[in-house]
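Only one structure is covered here, and it is reproduced in the block below.
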Amino acid sequence: MVGVYPFREISSGIEWRHDGRLLRVETWGPDAVRVRAAPGALPDDQPGALGATAPEGPAPEVALPAPGAVERTFLGGLGVNGALRGPAARLRHGAVTVEITPDGVLRFLGAEERELLAEEPAHFWWPGPRPFTPRGDGGHRAEQHFRAYEGERLYGLGQHQHGLLDQKGAVLDLRQRNGEVTVPLLLSSRGYGLLWNNPAVGTVELGVNRTRWTAERTRSIDYWFTAGTPAEVLSRYADATGHAPVLPEWATGFWQSKLRYRSQAELLDVARAYHRRGLPLSVIVADFYHWTSLGGWAFDPEEWPDPKAMAAELHGMGTRLVVSVWPSVNPASPRWAEMRERGLLVGTTDPAGTHTRWVDKPSDEPVGVSFYDPTSPEARAYLWQALDEGYRTHGVDAFWLDADEPEIAPVDVDALRFHAGPGAEVANLYPREHARAVWEGVRASGEETTVSLSRSAWAGSQRYGTALWSGDIGVDFPTLRRQIAAGLNAGLSGIPWWCSDTGGFHGGDPDDPAYREVMIRWFQFGALSPLFRLHGDREPRRPLGRAITGGPNEVWSYGSWAYGILTSFLALRERLRPYLGWVMREAAERGLPAMRALFLEFPGDPAAWVADDTYLLGPDLLVAPVTGAGVRERDVYLPAGARWRDAWTGRDLEAGRTHRVAAPLDLLPLFVRDGAELPVAPQALG
């Protein structure tokens with residue numbers, strides 16, 4: 001046996017080195033640590049969601065084994081390398097204790113030395129829990145292996161359309177796609193949270209035998225770990241990656257949208273109709289093809305002749321104007337050549353300099369288009385100047401950041417080169433940095449906050465005012481059911497502002513009684529979602545192109561009987577807006593989402609961890625959506641540890657058990673917690 005000593009105490013933690021490999025564990029905020037590992041030196045410029053320097057705080061308690069206690073043992077007959085054996089080094093930081101074995105394997109402990117999570121070597125001899133495989137291009141393919149635990153439940157990881165709240169057993173691509181949003185924050189029922197602080201394209205496999213994170217190209221492994229209740233994890237995550245701003249008050253109201261209003265006159269006619277009927281309308285949206293070409297970032301004057309007058313009239317009615325912005329640039333745009341010359345577009349191995357094909361003005365046929373590079377500060381500033389000149393000077397209030405995954409089909413990330421690095425290494429950053437361009441521009445103009453409706457996000461997107469929606473989804477009850485888990489996991493990934501296309505996106509016939517029932521139930525769900533937005537491409541649908549416009553999609557489009565129900569939920573939303581404003585301020589301060597899984601408020605109730613078809617809107621209102629055709633009653637579990645009252649009848653219900661409750665088509669089951677005075681049904685609650 002040969003003596004080897006791999007440990008070194010550093011200012012905020014412990015460093016381990018052995019056989020050219022480096023591992024660093026250091027404190028990173030209260031009750032949290034950051035782990036970084038590399039086959040050689042740690043890079044100092046790998047992008048992520050954490051700041052460049054650790055937050056200030058008390059020094060950890062560090063205990064290193066005596067040098068003579070660590071030995072190298074050679075496996076019989078192998079004669080090379082061998083394992084290091086001996087006592088573990090320990091770092092204690094508040095609620096978290098980390099053990100590091102002499103062989104560089106980590107174990108995370110919580111209260112009373114209970115194991116929360118441990119790294120799991122890929123094999124008994126080699127290559128350990130963190131294999132690095134050279135790619136031949138200066139980067140590595142990296143894997144991170146953790147132990148799996150029976151009965152563990154796993155949440156977060158962004159927003160997905162698989163319909164699972166508990167994602168144990170799932171395999172998820174760490175890749176941005178329409179409707180599939182990668183935010184690599186994992187929250188465990190064992191009492192910890194883990195942020196995979198790496199924007200590389202990869203995979204996370206939540207298997208029954210182990211958990212494995214994979215980065216297809218990276219220079220180091222980087223993750224952040226904290227212990228605590230779900231609410232504590234989310235609060236510390238916000239401290240580490242940035243708190244969401246306070247949502248503007250106008251954004252808590254009703255958003256009207258469809259694919260698409262083709263002109264200024266058409267959009268104004270709809271807004272005037274809402275105003276004439278006395279219906280609340282906080283926002284109306286001008287969707288795509290309002291431009292002359294992608295990358296023009298301005299209104300087409302033939303269809304939108306006086307946008308400043310349009311915005312002024314909308315503002316006079318109490319309605320804000322939101323405009324769809326795409327990150328694509330058509331070579332027909334006068335900006336494309338300049339942006340390519342200045343290096344503001346994403347680099348590509350395609351000699352034409354384009355990334356995908358799209359039907360765009362002025363062509364009727366698909367043309368190659370490029371994407372600007374928001375990982376470049378210069379490109380972000382360029383985009384904001386264009387948005388400011390093309391929209392803000394005309395009175396546009398906020399932006400809808402569509403197709404910002406970015407929507408490249410087919411996508412070959414190895415062919416892309418960003419300012420921040422190779423495509424496979426940094427591609428998941430795109431939507432966050434795109435929202436950052438708007439956020440930085442708004443703040444530079446002197447405004448305190450904004451909201452950007454985005455189809456994608458990454459870790460830290462919340463700090464730039466990102467409101468996520470669930471993408472281009474179906475229009476049936478099973479799709480509606482899946483949105484509950486999608487919204488809850490988005491919130492458990494640190495994104496407090498979320499919505500779906502009310503009624504779904506791909507179709508839906510307003511004259512079909514079956515679809516009208518879908519719309520009613522979805523509208524009820526939308527009215528009790530963090531953001532409330534009606535959108536979709538209704539029948540009769542048209543092919544993609546400058547003439548595209550879906551069928552009617554206003555609250556009066558679904559018949560007089562449905563109209564009465566929809567407008568009653570519009571009124572409910574208006575009554576709840578003061579409460580929602582308070583919830584949104586709490587989201588900004590504490591990092592808690594507006595739409596909450598039951599266990600976020602009731603972590604001590606085991607049944608709350610499996611309730612996947614109900615949620616809390618803020619702390620005080622339990623929502624039980626109806627997601628099936630012909631359903632007129634449903635079972636609702638009311639968590640233990642609170643008093644519950646039926647919001648419509650005022651009847652008290654026993655906590656800690658399941659109730660069969662009425663769910664007529666004109667009502668959504670709602671329950672108020674601990675006597676909170678919410679204006680759901682004033683006649684019952686007053």
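So you can find residues: chains in the structure tokens are A, B, ... in the order shown, residues in each start at 1, and ligands are numbered from 1 in order.
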
Polymer residues at most 9 Å from Ala547 (chain A), only C-alpha atoms, same-chain spacing of 5 or more positions, as a PyMOL selection string:
chain A and resi 262+289+542

List every residue of region 483-619 of chain A that DSSP, applied to the backbone of this structure, assigns to helix (DSSP H, G or I), and report them as a PyMOL selection string.
chain A and resi 483-491+513-527+555-558+560-590+598-601+606-609

At a cut-off of 12 Å, using only C-alpha atoms, what residues contact Thr53 (chain A)? Leave out same-chain residues fewer than 6 positions from it and give the result as a PyMOL selection string.
chain A and resi 12+26-29+34+44-45+240

Resulting file, chosen residues, all heavy atoms, as a compact mmCIF listing (two decimals), in the first residue's frame:
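The result, stored in result_1.txt:
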# COMPACT_ATOMS: atom_id res chain seq x y z
N SER A 12 -13.64 28.29 1.27
CA SER A 12 -15.06 28.05 1.50
C SER A 12 -15.42 26.58 1.38
O SER A 12 -16.59 26.24 1.21
CB SER A 12 -15.90 28.86 0.51
OG SER A 12 -15.54 28.54 -0.83
N GLU A 26 -17.78 23.55 -2.24
CA GLU A 26 -17.71 24.81 -1.50
C GLU A 26 -19.10 25.30 -1.17
O GLU A 26 -20.08 24.97 -1.85
CB GLU A 26 -16.93 25.86 -2.30
CG GLU A 26 -17.47 26.09 -3.70
CD GLU A 26 -16.50 26.87 -4.57
OE1 GLU A 26 -15.86 27.81 -4.07
OE2 GLU A 26 -16.37 26.52 -5.76
N THR A 27 -19.21 26.10 -0.13
CA THR A 27 -20.51 26.64 0.26
C THR A 27 -21.00 27.61 -0.80
O THR A 27 -20.21 28.33 -1.43
CB THR A 27 -20.41 27.34 1.61
OG1 THR A 27 -19.46 28.43 1.51
CG2 THR A 27 -19.93 26.38 2.68
N TRP A 28 -22.32 27.63 -0.98
CA TRP A 28 -22.89 28.51 -2.01
C TRP A 28 -24.29 28.95 -1.57
O TRP A 28 -25.29 28.46 -2.04
CB TRP A 28 -22.95 27.80 -3.36
CG TRP A 28 -22.81 28.76 -4.50
CD1 TRP A 28 -23.80 29.45 -5.14
CD2 TRP A 28 -21.58 29.16 -5.12
NE1 TRP A 28 -23.28 30.25 -6.11
CE2 TRP A 28 -21.92 30.09 -6.13
CE3 TRP A 28 -20.25 28.82 -4.93
CZ2 TRP A 28 -20.96 30.68 -6.95
CZ3 TRP A 28 -19.30 29.42 -5.74
CH2 TRP A 28 -19.66 30.33 -6.74
N GLY A 29 -24.33 29.87 -0.61
CA GLY A 29 -25.58 30.31 -0.04
C GLY A 29 -25.93 29.51 1.21
O GLY A 29 -25.33 28.46 1.49
N ARG A 34 -21.94 23.99 -3.63
CA ARG A 34 -21.72 23.83 -5.06
C ARG A 34 -20.62 22.81 -5.28
O ARG A 34 -19.59 22.85 -4.59
CB ARG A 34 -21.34 25.17 -5.69
CG ARG A 34 -21.17 25.12 -7.21
CD ARG A 34 -20.80 26.49 -7.74
NE ARG A 34 -20.72 26.51 -9.20
CZ ARG A 34 -20.36 27.60 -9.90
NH1 ARG A 34 -20.06 28.73 -9.28
NH2 ARG A 34 -20.30 27.55 -11.22
N ASP A 44 -13.01 28.67 -15.80
CA ASP A 44 -13.57 29.81 -15.07
C ASP A 44 -14.60 30.57 -15.90
O ASP A 44 -15.11 31.61 -15.46
CB ASP A 44 -12.46 30.76 -14.62
CG ASP A 44 -11.62 31.28 -15.78
OD1 ASP A 44 -11.98 31.05 -16.95
OD2 ASP A 44 -10.59 31.93 -15.51
N ASP A 45 -14.92 30.07 -17.10
CA ASP A 45 -15.85 30.80 -17.97
C ASP A 45 -16.99 29.92 -18.47
O ASP A 45 -17.65 30.27 -19.44
CB ASP A 45 -15.09 31.39 -19.16
CG ASP A 45 -14.41 30.32 -20.01
OD1 ASP A 45 -14.28 29.16 -19.54
OD2 ASP A 45 -13.98 30.64 -21.14
N ALA A 240 -30.06 31.89 -5.05
CA ALA A 240 -28.86 31.50 -5.78
C ALA A 240 -28.89 31.91 -7.24
O ALA A 240 -27.83 32.22 -7.83
CB ALA A 240 -28.65 29.99 -5.67

Give the strand (DSSP E or B) residues of region 3-238 of chain A, as assigned by DSSP on the backbone, as a PyMOL selection string.
chain A and resi 3+7-10+13-18+21-27+32-38+61-63+71-73+83-85+89-93+96-100+106-109+115-119+132-134+140-147+154-156+159+171-174+177+180-181+185-188+192-196+202-206+210-218+221-227

What are the closest atom pairs, with distances in Å to one decimal, for all residues of region 196-286 of chain A lying within 8 Å of region 90-106 of chain A? Consider only C-alpha atoms, order rows by chain and residue number, and present the result as JSON lines.
{"residue": "A:Thr226", "atom": "CA", "partner": "A:Val96", "partner_atom": "CA", "distance": 6.9}
{"residue": "A:Ala227", "atom": "CA", "partner": "A:Val96", "partner_atom": "CA", "distance": 6.1}
{"residue": "A:Gly228", "atom": "CA", "partner": "A:Ala95", "partner_atom": "CA", "distance": 7.4}

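Excluding region 61-77 of chain A itself and any same-chain residue fewer than 4 positions from it, the protein and nucleic acid residues within 9 Å of it, counting only C-alpha atoms, are A:Met1, A:Val2, A:Gly3, A:Val4, A:Tyr5, A:Pro6, A:Phe7, A:Arg8, A:Glu9, A:Gly13, A:Ile14, A:Asn81, A:Gly82, A:Ala83, A:Leu84, A:Arg85, A:Gly86, A:Pro87, A:Ala88, A:Ala89, A:Arg90, A:Leu91, A:Arg92, A:His93, A:Pro102, A:Trp125.
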
Which of these residues is nearest to Arg432 (chain A), using only C-alpha atoms: A:Leu566, A:Val35, A:Leu344, A:Ala49?
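Looking only at the distances to Arg432 (chain A), the closest residue turns out to be A:Ala49.
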
Residue nearest Leu116 (chain A) - candidates A:Asn197, A:Ser188, A:Thr133, A:Asn178, atoms counted: only C-alpha atoms
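The closest residue to Leu116 (chain A) is A:Ser188.
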
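You will find CA of Ala273 (chain A) at 21.3 Å from CA of Asp509 (chain A).
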
Test item: residues at most 7 Å from Asp646 (chain A), only C-alpha atoms, excluding those fewer than 3 positions along its chain, as a PyMOL selection string:
chain A and resi 649-652+670-672

Next, the residues of the selection above should be written as a PDB file, in the first residue's frame with all heavy atoms.
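Now in part-v8.pdb:
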ATOM      1  N   THR A 649     -70.375  27.082  -1.594  1.00  0.00           N
ATOM      2  CA  THR A 649     -71.487  26.847  -0.672  1.00  0.00           C
ATOM      3  C   THR A 649     -71.218  27.347   0.732  1.00  0.00           C
ATOM      4  O   THR A 649     -72.154  27.499   1.532  1.00  0.00           O
ATOM      5  CB  THR A 649     -71.811  25.346  -0.591  1.00  0.00           C
ATOM      6  OG1 THR A 649     -70.722  24.656   0.056  1.00  0.00           O
ATOM      7  CG2 THR A 649     -72.029  24.766  -1.984  1.00  0.00           C
ATOM      8  N   GLY A 650     -69.958  27.549   1.090  1.00  0.00           N
ATOM      9  CA  GLY A 650     -69.616  27.928   2.450  1.00  0.00           C
ATOM     10  C   GLY A 650     -69.583  26.765   3.419  1.00  0.00           C
ATOM     11  O   GLY A 650     -69.355  26.961   4.615  1.00  0.00           O
ATOM     12  N   ARG A 651     -69.736  25.537   2.926  1.00  0.00           N
ATOM     13  CA  ARG A 651     -69.780  24.363   3.794  1.00  0.00           C
ATOM     14  C   ARG A 651     -68.362  23.958   4.201  1.00  0.00           C
ATOM     15  O   ARG A 651     -67.465  23.880   3.375  1.00  0.00           O
ATOM     16  CB  ARG A 651     -70.474  23.219   3.059  1.00  0.00           C
ATOM     17  CG  ARG A 651     -70.639  21.943   3.878  1.00  0.00           C
ATOM     18  CD  ARG A 651     -71.577  20.972   3.173  1.00  0.00           C
ATOM     19  NE  ARG A 651     -71.043  20.538   1.891  1.00  0.00           N
ATOM     20  CZ  ARG A 651     -70.398  19.391   1.698  1.00  0.00           C
ATOM     21  NH1 ARG A 651     -70.178  18.570   2.727  1.00  0.00           N
ATOM     22  NH2 ARG A 651     -69.970  19.056   0.498  1.00  0.00           N
ATOM     23  N   ASP A 652     -68.181  23.679   5.507  1.00  0.00           N
ATOM     24  CA  ASP A 652     -66.896  23.195   6.000  1.00  0.00           C
ATOM     25  C   ASP A 652     -66.742  21.716   5.676  1.00  0.00           C
ATOM     26  O   ASP A 652     -67.696  20.933   5.778  1.00  0.00           O
ATOM     27  CB  ASP A 652     -66.795  23.402   7.510  1.00  0.00           C
ATOM     28  CG  ASP A 652     -66.692  24.864   7.890  1.00  0.00           C
ATOM     29  OD1 ASP A 652     -66.176  25.648   7.073  1.00  0.00           O
ATOM     30  OD2 ASP A 652     -67.149  25.233   8.992  1.00  0.00           O
ATOM     31  N   LEU A 670     -63.759  24.601  -5.833  1.00  0.00           N
ATOM     32  CA  LEU A 670     -62.774  25.464  -5.190  1.00  0.00           C
ATOM     33  C   LEU A 670     -62.961  25.381  -3.685  1.00  0.00           C
ATOM     34  O   LEU A 670     -64.096  25.312  -3.189  1.00  0.00           O
ATOM     35  CB  LEU A 670     -62.938  26.931  -5.633  1.00  0.00           C
ATOM     36  CG  LEU A 670     -62.785  27.256  -7.111  1.00  0.00           C
ATOM     37  CD1 LEU A 670     -63.166  28.707  -7.368  1.00  0.00           C
ATOM     38  CD2 LEU A 670     -61.363  26.994  -7.558  1.00  0.00           C
ATOM     39  N   PHE A 671     -61.837  25.463  -2.960  1.00  0.00           N
ATOM     40  CA  PHE A 671     -61.887  25.319  -1.515  1.00  0.00           C
ATOM     41  C   PHE A 671     -60.955  26.346  -0.879  1.00  0.00           C
ATOM     42  O   PHE A 671     -59.819  26.525  -1.324  1.00  0.00           O
ATOM     43  CB  PHE A 671     -61.495  23.894  -1.111  1.00  0.00           C
ATOM     44  CG  PHE A 671     -62.347  22.857  -1.783  1.00  0.00           C
ATOM     45  CD1 PHE A 671     -61.980  22.350  -3.029  1.00  0.00           C
ATOM     46  CD2 PHE A 671     -63.532  22.444  -1.221  1.00  0.00           C
ATOM     47  CE1 PHE A 671     -62.773  21.426  -3.682  1.00  0.00           C
ATOM     48  CE2 PHE A 671     -64.339  21.519  -1.874  1.00  0.00           C
ATOM     49  CZ  PHE A 671     -63.968  21.010  -3.099  1.00  0.00           C
ATOM     50  N   VAL A 672     -61.458  26.990   0.167  1.00  0.00           N
ATOM     51  CA  VAL A 672     -60.730  28.075   0.821  1.00  0.00           C
ATOM     52  C   VAL A 672     -60.142  27.559   2.125  1.00  0.00           C
ATOM     53  O   VAL A 672     -60.785  26.825   2.888  1.00  0.00           O
ATOM     54  CB  VAL A 672     -61.664  29.269   1.083  1.00  0.00           C
ATOM     55  CG1 VAL A 672     -60.913  30.395   1.781  1.00  0.00           C
ATOM     56  CG2 VAL A 672     -62.255  29.769  -0.230  1.00  0.00           C
TER      57      VAL A 672
END

Of the candidates A:Glu389, A:Asp269, A:Asp412, A:Asp364, which one gets nearest to Ser293 (chain A) if we count only C-alpha atoms?
A:Asp364

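Distance annotation: of A:Thr375, A:Ser263, A:Gln144, A:Thr252, the residue with the minimal separation from Glu205 (chain A) is A:Gln144; atom set is only C-alpha atoms.
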
Could you check which of A:Arg632, A:Val329, A:Gln176, A:Gly253 is closest to Glu407 (chain A), using only C-alpha atoms?
A:Gln176

Met339 (chain A): which residues within 9 Å, counting only C-alpha atoms, same-chain residues fewer than 6 positions away excluded, as number ranges by chain?
A: 345, 372, 379, 382

How would the residues just picked look written out with N, CA and C atoms as an mmCIF file, in the first residue's frame?
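File produced: selection_26.cif:
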data_model
loop_
_atom_site.group_PDB
_atom_site.id
_atom_site.type_symbol
_atom_site.label_atom_id
_atom_site.label_comp_id
_atom_site.auth_asym_id
_atom_site.auth_seq_id
_atom_site.Cartn_x
_atom_site.Cartn_y
_atom_site.Cartn_z
ATOM 1 N N LEU A 345 -25.405 36.899 -35.381
ATOM 2 C CA LEU A 345 -26.196 35.702 -35.624
ATOM 3 C C LEU A 345 -25.483 34.485 -35.053
ATOM 4 N N TYR A 372 -30.684 35.143 -34.266
ATOM 5 C CA TYR A 372 -29.692 36.003 -33.633
ATOM 6 C C TYR A 372 -29.167 35.301 -32.381
ATOM 7 N N ALA A 379 -25.334 41.465 -29.323
ATOM 8 C CA ALA A 379 -26.548 41.069 -30.035
ATOM 9 C C ALA A 379 -27.791 41.392 -29.214
ATOM 10 N N TYR A 382 -28.433 45.008 -29.610
ATOM 11 C CA TYR A 382 -28.941 45.282 -30.951
ATOM 12 C C TYR A 382 -30.428 44.950 -31.026
#

Listing only residues of region 457-521 of chain A within 7 Å of region 580-595 of chain A, what is the closest atom pair and its distance in Å (to one decimal) for each, using only C-alpha atoms, sorted by chain and residue number ascending, as JSON lines?
{"residue": "A:Leu488", "atom": "CA", "partner": "A:Met595", "partner_atom": "CA", "distance": 6.2}
{"residue": "A:Gly491", "atom": "CA", "partner": "A:Pro593", "partner_atom": "CA", "distance": 5.0}
{"residue": "A:Gly494", "atom": "CA", "partner": "A:Gly591", "partner_atom": "CA", "distance": 6.7}
{"residue": "A:Ile495", "atom": "CA", "partner": "A:Pro593", "partner_atom": "CA", "distance": 6.6}
{"residue": "A:Pro496", "atom": "CA", "partner": "A:Pro593", "partner_atom": "CA", "distance": 3.9}
{"residue": "A:Trp497", "atom": "CA", "partner": "A:Ala594", "partner_atom": "CA", "distance": 6.9}

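Computed from the coordinates, the CA of Val181 (chain A) to CA of Arg320 (chain A) distance equals 27.2 Å.
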
Tell me, as a PyMOL selection string, which residues lie within 8 Å of His290 (chain A), counting only C-alpha atoms; anything in the same chain fewer than 4 positions away does not count.
chain A and resi 262-263+286+298-300+303-304

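Proximity ranking of A:Ala251, A:Arg276, A:Asp414, A:Leu453 relative to Ser324 (chain A) places A:Leu453 first, based on only C-alpha atoms.
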